[in-house]
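To start, the structure itself, in structure tokens.
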Amino acid sequence: VFSTTVGVEGMTCGSCVQSIEQRIGTFSGVIHIKVSLELKNATIIFDQNKQSPDSLSLAIEDMGFESSLSE
Amino acid sequence: MTKHEFEVAMTCEGCSGAVTRILNKLGDEVKFEIDLPKKLVWIESEKDVEFLTETLKKCGKEVKYNGTK
Ligand SMILES: [Cu+2]
Ligand SMILES: [Cu+2]
């Protein structure tokens with residue numbers, strides 16, 4: 001089990017945070033996701049056999065938000 | 001091209017921005033307009049409604065098809 005923090009741009013309010021947490025949270029291999037509006041990032045705990053920081057960042061991009069790998 | 005009307009449960013500029021970016025990724029094959037207060041998205045495209053609905057759903061909001069305009 002790994003944890004990663006990716007940058008998320010384009011959110012404006014709590015409902016943006018919620019839609020990302022809800023959708024990404026249902027992805028296979030995602031154990032927990034916490035999105036921060038202030039820090040403009042998402043911290044995700046995931047199963048490295050099913051997801052990677054890249055795949056998670058791409059999934060957020062796919063939702064229409066800009067995402068970047070911070071580390 | 002056919003013009004379709006969709007209702008997308010957008011609540012803020014983050015939502016309409018996300019929808020804009022999602023549709024921009026489809027390139028020249030779609031033209032679109034968004035009305036955030038009315039929660040409406042008009043798309044001009046030859047792609048089928050099912051594809052367009054699935055594409056809009058990527059933003060994580062509820063999507064309803066209203067028919068052609
Ligand atoms: Cu928002
Ligand atoms: Cu929103």
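Starting from 1 in every chain, residues are counted up; chains themselves are A, B, ... following the order of the structure tokens, and ligands are numbered from 1 as listed.
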At most 6 Å from ligand 1 (only C-alpha atoms and all ligand atoms): residue list as a PyMOL selection string | (chain A and resi 11-16) or (chain B and resi 12+14-15)
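For chain B, the residues no farther than 8 Å from chain A when using only C-alpha atoms are Thr11, Cys12, Glu13, Gly14, Cys15, Gly17, Ala18, Val19, Thr20, Arg21, Ile22, Lys58, Cys59, Gly60 and Lys61 of chain B.
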Give me a file of those residues, with C-alpha atoms, as a PDB file, in the first residue's frame.
ATOM      1  CA  THR B  11     -22.909  24.042  -9.437  1.00  0.00           C
ATOM      2  CA  CYS B  12     -19.879  26.281  -9.820  1.00  0.00           C
ATOM      3  CA  GLU B  13     -17.160  27.489 -12.161  1.00  0.00           C
ATOM      4  CA  GLY B  14     -15.061  24.484 -11.218  1.00  0.00           C
ATOM      5  CA  CYS B  15     -17.713  22.248 -12.765  1.00  0.00           C
ATOM      6  CA  GLY B  17     -14.354  24.519 -16.236  1.00  0.00           C
ATOM      7  CA  ALA B  18     -14.069  20.750 -15.925  1.00  0.00           C
ATOM      8  CA  VAL B  19     -16.758  20.220 -18.576  1.00  0.00           C
ATOM      9  CA  THR B  20     -14.955  22.706 -20.850  1.00  0.00           C
ATOM     10  CA  ARG B  21     -11.648  20.854 -20.497  1.00  0.00           C
ATOM     11  CA  ILE B  22     -13.271  17.453 -21.029  1.00  0.00           C
ATOM     12  CA  LYS B  58     -16.493  12.050 -16.498  1.00  0.00           C
ATOM     13  CA  CYS B  59     -16.803  15.335 -14.603  1.00  0.00           C
ATOM     14  CA  GLY B  60     -18.565  13.377 -11.837  1.00  0.00           C
ATOM     15  CA  LYS B  61     -21.891  15.201 -12.116  1.00  0.00           C
TER      16      LYS B  61
END
Fewer than 5 positions away in the same chain doesn't count, so skip those; otherwise give me all residues within 12 Å of stretch 50-53 of chain A, counting only C-alpha atoms, as a VMD selection string.
-> chain A and resid 1 to 7 24 27 to 31 42 to 45 58 to 60 67 to 71
Here atom CA of B:Lys69 and atom CA of B:Asp48 stand apart by 14.7 Å
What lies within 12 Å of B:Val49 using only C-alpha atoms, ignoring chain neighbours under 3 positions off, as a PyMOL selection string?
-> chain B and resi 2-6+42-46+52-56+63-68
Kindly give the distance, in Å, that separates atom CA of A:Lys40 and atom CA of A:Ser57, rounded to a single decimal.
-> 13.0 Å
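For chain B, a DSSP pass over the backbone yields helix (DSSP H, G or I) at Glu13, Gly14, Cys15, Ser16, Gly17, Ala18, Val19, Thr20, Arg21, Ile22, Leu23, Asn24, Gly27, Asp28, Glu29, Val49, Glu50, Phe51, Leu52, Thr53, Glu54, Thr55, Leu56 and Lys57 of chain B.
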What does the distance between atom CA of B:Leu26 and atom CA of A:Val35 come to in Å, to one decimal place?
-> 26.8 Å
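For chain B, the set of residues given strand (DSSP E or B) by DSSP on the backbone reads B:Thr2, B:Lys3, B:His4, B:Glu5, B:Phe6, B:Glu7, B:Val8, B:Val30, B:Lys31, B:Phe32, B:Glu33, B:Ile34, B:Asp35, B:Leu40, B:Val41, B:Trp42, B:Ile43, B:Glu44, B:Ser45, B:Val63, B:Lys64, B:Tyr65, B:Asn66, B:Gly67, B:Thr68.
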